[in-house]
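upload.pdb (PDB, C-alpha atoms, pLDDT in the B column)
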ATOM      1  CA  MET A   1     -11.394   8.688  -5.357  1.00 50.00           C
ATOM      2  CA  PRO A   2      -8.932  11.185  -3.819  1.00 61.00           C
ATOM      3  CA  GLU A   3     -11.426  11.994  -1.052  1.00 71.00           C
ATOM      4  CA  THR A   4     -11.586   8.284  -0.236  1.00 73.00           C
ATOM      5  CA  HIS A   5      -7.845   8.226   0.335  1.00 71.00           C
ATOM      6  CA  LEU A   6      -8.089  11.381   2.407  1.00 78.00           C
ATOM      7  CA  ARG A   7     -10.769   9.695   4.545  1.00 82.00           C
ATOM      8  CA  ILE A   8      -8.634   6.540   4.880  1.00 82.00           C
ATOM      9  CA  GLN A   9      -5.590   8.665   5.722  1.00 83.00           C
ATOM     10  CA  ARG A  10      -7.449  10.566   8.434  1.00 85.00           C
ATOM     11  CA  THR A  11      -9.055   7.441   9.877  1.00 87.00           C
ATOM     12  CA  ALA A  12      -5.742   5.590   9.920  1.00 86.00           C
ATOM     13  CA  GLY A  13      -3.985   8.603  11.401  1.00 87.00           C
ATOM     14  CA  TYR A  14      -6.484   9.163  14.203  1.00 90.00           C
ATOM     15  CA  GLY A  15      -6.913   5.447  14.870  1.00 89.00           C
ATOM     16  CA  GLY A  16      -3.151   4.918  14.922  1.00 88.00           C
ATOM     17  CA  LEU A  17      -2.668   7.846  17.266  1.00 91.00           C
ATOM     18  CA  ALA A  18      -5.386   6.521  19.587  1.00 92.00           C
ATOM     19  CA  ALA A  19      -3.869   3.017  19.593  1.00 92.00           C
ATOM     20  CA  LEU A  20      -0.408   4.471  20.202  1.00 90.00           C
ATOM     21  CA  LEU A  21      -1.612   6.518  23.166  1.00 93.00           C
ATOM     22  CA  CYS A  22      -3.596   3.590  24.621  1.00 92.00           C
ATOM     23  CA  GLY A  23      -0.563   1.334  24.317  1.00 91.00           C
ATOM     24  CA  LEU A  24       1.665   3.891  26.032  1.00 92.00           C
ATOM     25  CA  VAL A  25      -0.859   4.294  28.867  1.00 92.00           C
ATOM     26  CA  LEU A  26      -1.070   0.515  29.344  1.00 90.00           C
ATOM     27  CA  ILE A  27       2.724   0.174  29.415  1.00 88.00           C
ATOM     28  CA  TRP A  28       2.986   3.092  31.857  1.00 89.00           C
ATOM     29  CA  HIS A  29       0.266   1.588  34.061  1.00 87.00           C
ATOM     30  CA  ASP A  30       1.927  -1.821  34.071  1.00 83.00           C
ATOM     31  CA  GLY A  31       5.257  -0.286  35.054  1.00 80.00           C
ATOM     32  CA  ARG A  32       3.667   1.282  38.126  1.00 80.00           C
ATOM     33  CA  GLN A  33       2.276  -2.017  39.441  1.00 74.00           C
ATOM     34  CA  PRO A  34       4.118  -3.855  42.231  1.00 72.00           C
ATOM     35  CA  VAL A  35       5.911  -7.027  41.193  1.00 63.00           C
ATOM     36  CA  ALA A  36       4.714 -10.108  43.026  1.00 58.00           C
ATOM     37  CA  ALA A  37       6.280 -13.558  42.902  1.00 55.00           C
ATOM     38  CA  ALA A  38       4.002 -15.759  40.836  1.00 52.00           C
ATOM     39  CA  ALA A  39       4.034 -19.327  39.611  1.00 51.00           C
ATOM     40  CA  ASP A  40       5.935 -18.346  36.488  1.00 50.00           C
ATOM     41  CA  SER A  41       8.651 -16.366  38.315  1.00 51.00           C
ATOM     42  CA  PHE A  42      11.870 -17.618  39.849  1.00 45.00           C
ATOM     43  CA  HIS A  43      14.599 -16.295  42.133  1.00 46.00           C
ATOM     44  CA  SER A  44      18.200 -16.529  40.991  1.00 45.00           C
ATOM     45  CA  ALA A  45      21.200 -17.030  43.246  1.00 47.00           C
ATOM     46  CA  ALA A  46      21.941 -13.297  43.019  1.00 49.00           C
ATOM     47  CA  GLY A  47      18.520 -12.503  44.485  1.00 49.00           C
ATOM     48  CA  THR A  48      16.956 -11.086  41.333  1.00 51.00           C
ATOM     49  CA  ILE A  49      13.513 -12.071  40.143  1.00 51.00           C
ATOM     50  CA  SER A  50      12.809 -12.976  36.538  1.00 50.00           C
ATOM     51  CA  GLN A  51       9.206 -13.003  35.463  1.00 58.00           C
ATOM     52  CA  SER A  52       7.361 -13.339  32.202  1.00 67.00           C
ATOM     53  CA  PRO A  53       5.636 -10.192  30.917  1.00 73.00           C
ATOM     54  CA  SER A  54       2.128  -9.479  32.184  1.00 78.00           C
ATOM     55  CA  PRO A  55      -0.891  -9.610  29.853  1.00 84.00           C
ATOM     56  CA  VAL A  56      -1.309  -5.832  30.277  1.00 85.00           C
ATOM     57  CA  LEU A  57       2.262  -5.251  29.096  1.00 85.00           C
ATOM     58  CA  LEU A  58       1.746  -7.560  26.112  1.00 87.00           C
ATOM     59  CA  ALA A  59      -1.509  -5.788  25.183  1.00 91.00           C
ATOM     60  CA  GLY A  60       0.194  -2.412  25.533  1.00 91.00           C
ATOM     61  CA  GLY A  61       3.025  -3.517  23.267  1.00 90.00           C
ATOM     62  CA  ALA A  62       0.579  -4.865  20.696  1.00 91.00           C
ATOM     63  CA  LEU A  63      -1.411  -1.607  20.720  1.00 93.00           C
ATOM     64  CA  LEU A  64       1.796   0.388  20.450  1.00 91.00           C
ATOM     65  CA  PHE A  65       2.933  -1.635  17.434  1.00 89.00           C
ATOM     66  CA  PHE A  66      -0.516  -1.431  15.797  1.00 91.00           C
ATOM     67  CA  GLY A  67      -0.541   2.331  16.303  1.00 92.00           C
ATOM     68  CA  VAL A  68       2.893   2.784  14.750  1.00 90.00           C
ATOM     69  CA  VAL A  69       2.039   0.605  11.738  1.00 89.00           C
ATOM     70  CA  THR A  70      -1.284   2.390  11.213  1.00 90.00           C
ATOM     71  CA  LEU A  71       0.404   5.790  11.417  1.00 90.00           C
ATOM     72  CA  CYS A  72       2.946   4.578   8.852  1.00 88.00           C
ATOM     73  CA  LEU A  73       0.084   3.549   6.552  1.00 88.00           C
ATOM     74  CA  ALA A  74      -1.365   7.050   6.857  1.00 89.00           C
ATOM     75  CA  ALA A  75       2.094   8.529   6.243  1.00 88.00           C
ATOM     76  CA  GLY A  76       2.462   6.423   3.078  1.00 87.00           C
ATOM     77  CA  ILE A  77      -0.873   7.660   1.778  1.00 86.00           C
ATOM     78  CA  PHE A  78       0.070  11.254   2.605  1.00 86.00           C
ATOM     79  CA  LEU A  79       3.509  10.905   0.989  1.00 85.00           C
ATOM     80  CA  MET A  80       2.204   9.391  -2.233  1.00 85.00           C
ATOM     81  CA  ARG A  81      -0.634  11.934  -2.541  1.00 83.00           C
ATOM     82  CA  ARG A  82       1.923  14.746  -2.281  1.00 83.00           C
ATOM     83  CA  ILE A  83       4.292  13.120  -4.763  1.00 82.00           C
ATOM     84  CA  LEU A  84       1.523  12.455  -7.305  1.00 80.00           C
ATOM     85  CA  ALA A  85       0.387  16.095  -7.003  1.00 79.00           C
ATOM     86  CA  VAL A  86       3.808  17.199  -8.254  1.00 80.00           C
ATOM     87  CA  ARG A  87       4.657  14.456 -10.752  1.00 77.00           C
ATOM     88  CA  PRO A  88       3.916  10.747 -11.108  1.00 73.00           C
ATOM     89  CA  LEU A  89       6.710   8.644  -9.657  1.00 75.00           C
ATOM     90  CA  ARG A  90       5.985   4.948  -9.814  1.00 76.00           C
ATOM     91  CA  VAL A  91       9.225   3.938  -8.136  1.00 82.00           C
ATOM     92  CA  VAL A  92       8.449   5.302  -4.628  1.00 82.00           C
ATOM     93  CA  PRO A  93       6.435   2.290  -3.360  1.00 86.00           C
ATOM     94  CA  TRP A  94       9.074  -0.077  -4.729  1.00 89.00           C
ATOM     95  CA  ILE A  95      11.864   1.803  -2.963  1.00 90.00           C
ATOM     96  CA  LEU A  96       9.891   1.696   0.290  1.00 90.00           C
ATOM     97  CA  ALA A  97       9.160  -2.019  -0.150  1.00 92.00           C
ATOM     98  CA  ALA A  98      12.827  -2.785  -0.858  1.00 94.00           C
ATOM     99  CA  LEU A  99      13.854  -0.814   2.234  1.00 94.00           C
ATOM    100  CA  ALA A 100      11.246  -2.672   4.295  1.00 94.00           C
ATOM    101  CA  LEU A 101      12.479  -6.036   3.055  1.00 95.00           C
ATOM    102  CA  ALA A 102      16.104  -5.117   3.761  1.00 96.00           C
ATOM    103  CA  LEU A 103      15.268  -3.986   7.313  1.00 95.00           C
ATOM    104  CA  PHE A 104      13.176  -7.082   8.029  1.00 95.00           C
ATOM    105  CA  LEU A 105      15.808  -9.474   6.651  1.00 96.00           C
ATOM    106  CA  ALA A 106      18.577  -7.693   8.586  1.00 96.00           C
ATOM    107  CA  GLY A 107      16.534  -8.049  11.776  1.00 94.00           C
ATOM    108  CA  THR A 108      15.807 -11.704  11.051  1.00 94.00           C
ATOM    109  CA  GLY A 109      19.484 -12.441  10.380  1.00 94.00           C
ATOM    110  CA  LEU A 110      20.528 -10.660  13.560  1.00 93.00           C
ATOM    111  CA  LYS A 111      17.930 -12.599  15.569  1.00 91.00           C
ATOM    112  CA  ILE A 112      19.121 -15.909  14.128  1.00 92.00           C
ATOM    113  CA  TRP A 113      22.748 -14.982  14.868  1.00 90.00           C
ATOM    114  CA  ASP A 114      21.822 -13.964  18.407  1.00 87.00           C
ATOM    115  CA  THR A 115      19.922 -17.190  18.996  1.00 83.00           C
ATOM    116  CA  LEU A 116      22.916 -19.294  17.932  1.00 84.00           C
ATOM    117  CA  GLN A 117      25.317 -17.560  20.353  1.00 79.00           C
ATOM    118  CA  PRO A 118      26.144 -19.632  23.447  1.00 73.00           C
ATOM    119  CA  VAL A 119      25.526 -17.825  26.718  1.00 61.00           C
ATOM    120  CA  PRO A 120      27.471 -18.951  29.801  1.00 57.00           C
ATOM    121  CA  LEU A 121      25.366 -19.272  32.944  1.00 56.00           C
ATOM    122  CA  ASP A 122      27.550 -18.767  36.054  1.00 56.00           C
ATOM    123  CA  TRP A 123      30.253 -21.178  37.182  1.00 56.00           C
ATOM    124  CA  PHE A 124      28.538 -24.501  36.337  1.00 54.00           C
ATOM    125  CA  ALA A 125      28.503 -23.705  32.607  1.00 52.00           C
ATOM    126  CA  TYR A 126      32.215 -24.352  32.287  1.00 54.00           C
ATOM    127  CA  GLU A 127      32.387 -25.917  28.830  1.00 54.00           C
ATOM    128  CA  PRO A 128      35.309 -28.343  29.325  1.00 56.00           C
ATOM    129  CA  LEU A 129      33.395 -29.988  32.170  1.00 54.00           C
ATOM    130  CA  THR A 130      29.927 -30.060  30.660  1.00 51.00           C
ATOM    131  CA  HIS A 131      30.634 -30.203  26.896  1.00 50.00           C
ATOM    132  CA  ALA A 132      27.372 -28.339  26.430  1.00 48.00           C
ATOM    133  CA  GLN A 133      26.432 -24.905  25.261  1.00 48.00           C
ATOM    134  CA  LEU A 134      23.727 -23.241  27.260  1.00 48.00           C
ATOM    135  CA  SER A 135      21.392 -20.699  25.783  1.00 46.00           C
ATOM    136  CA  SER A 136      19.654 -18.027  27.781  1.00 47.00           C
ATOM    137  CA  LEU A 137      16.033 -17.020  27.505  1.00 50.00           C
ATOM    138  CA  ALA A 138      16.932 -13.510  28.605  1.00 57.00           C
ATOM    139  CA  THR A 139      16.927 -10.798  25.985  1.00 70.00           C
ATOM    140  CA  SER A 140      20.308  -9.637  24.788  1.00 79.00           C
ATOM    141  CA  PRO A 141      21.006  -6.241  23.207  1.00 86.00           C
ATOM    142  CA  ALA A 142      21.333  -7.925  19.804  1.00 88.00           C
ATOM    143  CA  GLY A 143      17.924  -9.572  20.290  1.00 86.00           C
ATOM    144  CA  VAL A 144      16.333  -6.219  21.123  1.00 88.00           C
ATOM    145  CA  ALA A 145      17.968  -4.608  18.085  1.00 92.00           C
ATOM    146  CA  ALA A 146      16.758  -7.495  15.901  1.00 93.00           C
ATOM    147  CA  ARG A 147      13.155  -7.076  17.029  1.00 90.00           C
ATOM    148  CA  ARG A 148      13.343  -3.329  16.460  1.00 91.00           C
ATOM    149  CA  LEU A 149      14.713  -3.817  12.939  1.00 94.00           C
ATOM    150  CA  MET A 150      11.958  -6.300  12.090  1.00 93.00           C
ATOM    151  CA  GLY A 151       9.299  -3.963  13.500  1.00 90.00           C
ATOM    152  CA  LEU A 152      10.723  -1.031  11.570  1.00 92.00           C
ATOM    153  CA  GLY A 153      10.687  -3.162   8.419  1.00 93.00           C
ATOM    154  CA  LEU A 154       6.998  -3.954   8.953  1.00 91.00           C
ATOM    155  CA  ALA A 155       6.238  -0.280   9.594  1.00 90.00           C
ATOM    156  CA  VAL A 156       8.004   0.796   6.382  1.00 92.00           C
ATOM    157  CA  PHE A 157       6.105  -1.946   4.527  1.00 92.00           C
ATOM    158  CA  ALA A 158       2.840  -0.428   5.821  1.00 90.00           C
ATOM    159  CA  MET A 159       4.038   2.898   4.446  1.00 90.00           C
ATOM    160  CA  ALA A 160       4.737   1.267   1.077  1.00 90.00           C
ATOM    161  CA  ASN A 161       1.273  -0.285   1.154  1.00 88.00           C
ATOM    162  CA  GLY A 162      -0.313   3.145   1.628  1.00 87.00           C
ATOM    163  CA  ALA A 163       1.709   4.497  -1.285  1.00 86.00           C
ATOM    164  CA  TRP A 164       0.634   1.549  -3.463  1.00 87.00           C
ATOM    165  CA  MET A 165      -3.024   2.193  -2.629  1.00 85.00           C
ATOM    166  CA  VAL A 166      -2.834   5.789  -3.818  1.00 84.00           C
ATOM    167  CA  GLN A 167      -0.777   4.921  -6.884  1.00 83.00           C
ATOM    168  CA  HIS A 168      -3.171   2.123  -7.866  1.00 81.00           C
ATOM    169  CA  ALA A 169      -6.193   4.397  -7.550  1.00 80.00           C
ATOM    170  CA  ALA A 170      -4.461   7.175  -9.528  1.00 76.00           C
ATOM    171  CA  ARG A 171      -3.571   4.742 -12.298  1.00 75.00           C
ATOM    172  CA  HIS A 172      -7.166   3.473 -12.607  1.00 73.00           C
ATOM    173  CA  GLN A 173      -8.663   6.941 -12.391  1.00 71.00           C
ATOM    174  CA  ARG A 174      -6.952   8.080 -15.612  1.00 61.00           C
TER     175      ARG A 174
END
Could you render the structure from this file as structure tokens?
Amino acid sequence: MPETHLRIQRTAGYGGLAALLCGLVLIWHDGRQPVAAAADSFHSAAGTISQSPSPVLLAGGALLFFGVVTLCLAAGIFLMRRILAVRPLRVVPWILAALALALFLAGTGLKIWDTLQPVPLDWFAYEPLTHAQLSSLATSPAGVAARRLMGLGLAVFAMANGAWMVQHAARHQR
């Protein structure tokens, strides 16, 4: 059974590294492409162009996230194999899972808070005249931090899952 986990660890590690590198290459390639005005883009009064992300950028981000989560799974397997070689600690996966839940819930709370914040949009968003609160679809720093916290929580949960796999196999092997 230990060689099975070693094989899973290596496969997850190499596959995660390959997905991570492919995602980085796609994001780099998309950043080098010229920006053209499309049907889903618009020009603001300041002359800037806002455009939705391209499919290549979305695929690169998805591959990047998959690579990080897969590497965290391999790291969880590696960590738990090393810990069980020294002494059996059953609390490690639970600590990792609690940390993952805390990170994910903190990110979710921050995202909800950020979504509820009114964002003024130039001079015509003067609240006493409109009696309305406008929200922006642009990403704020709090929104970026929220997504990073949620992603980190999912990555740590993948690490906990790898640790649980090794612990479960060690428990049934005895």
Next item on the list: Could you please determine the separation between CA of Asn161 in chain A and CA of Cys72 in chain A in Å, to one decimal place?
Entry: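 Value for the CA of Asn161 in chain A-CA of Cys72 in chain A distance: 9.3 Å.
Restricting the calculation to all atoms listed in the file, the smallest distance between Cys22 in chain A and any of A:Gly151, A:Leu64, A:Glu3, A:Pro53 is found for A:Leu64.
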Notebook entry, point to check: Within 12 Å of Val144 in chain A, counting only C-alpha atoms, which residues qualify if same-chain residues fewer than 6 places away don't, as a list in words?
Noted result: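 Result of the neighbour search: Gly107, Thr108, Leu110, Lys111, Asp114, Thr115, Ala138, Met150 and Gly151 of chain A.
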Check: Care to translate the PyMOL selection byres ((chain A and resi 24) around 12) into actual residues of this file, as a count of residues only?
Finding: 27
Item checked: Hits from the PyMOL selection byres ((chain A and resi 154) around 10), listed as a ChimeraX atom specification -> /A:65,68-69,72,97,100-101,103-104,148-153,155-160
Notebook entry, point to check: Can you list, as a list in words, every protein, DNA or RNA residue that comes within 8 Å of Leu71 in chain A when you count only C-alpha atoms, leaving out same-chain residues fewer than 6 positions away?
Noted result: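 The contact residues come out as Ala12, Gly13, Gly16 and Leu17 of chain A.
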Please produce an output containing C-alpha atoms for each residue in the selection, written as a PDB file, in the coordinates of the input.
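Contents of part11.pdb, as written:
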ATOM      1  CA  ALA A  12      -5.742   5.590   9.920  1.00 86.00           C
ATOM      2  CA  GLY A  13      -3.985   8.603  11.401  1.00 87.00           C
ATOM      3  CA  GLY A  16      -3.151   4.918  14.922  1.00 88.00           C
ATOM      4  CA  LEU A  17      -2.668   7.846  17.266  1.00 91.00           C
TER       5      LEU A  17
END
Using the file's own x, y and z axes, what box holds all listed atoms of range 91-102 of chain A with 6 Å on each side, keeping edges along x, y and z, and what are its centre and edge lengths in Å to one decimal, as AutoDock Vina command-line options?
--center_x 11.3 --center_y -0.4 --center_z -1.9 --size_x 21.7 --size_y 23.3 --size_z 24.4
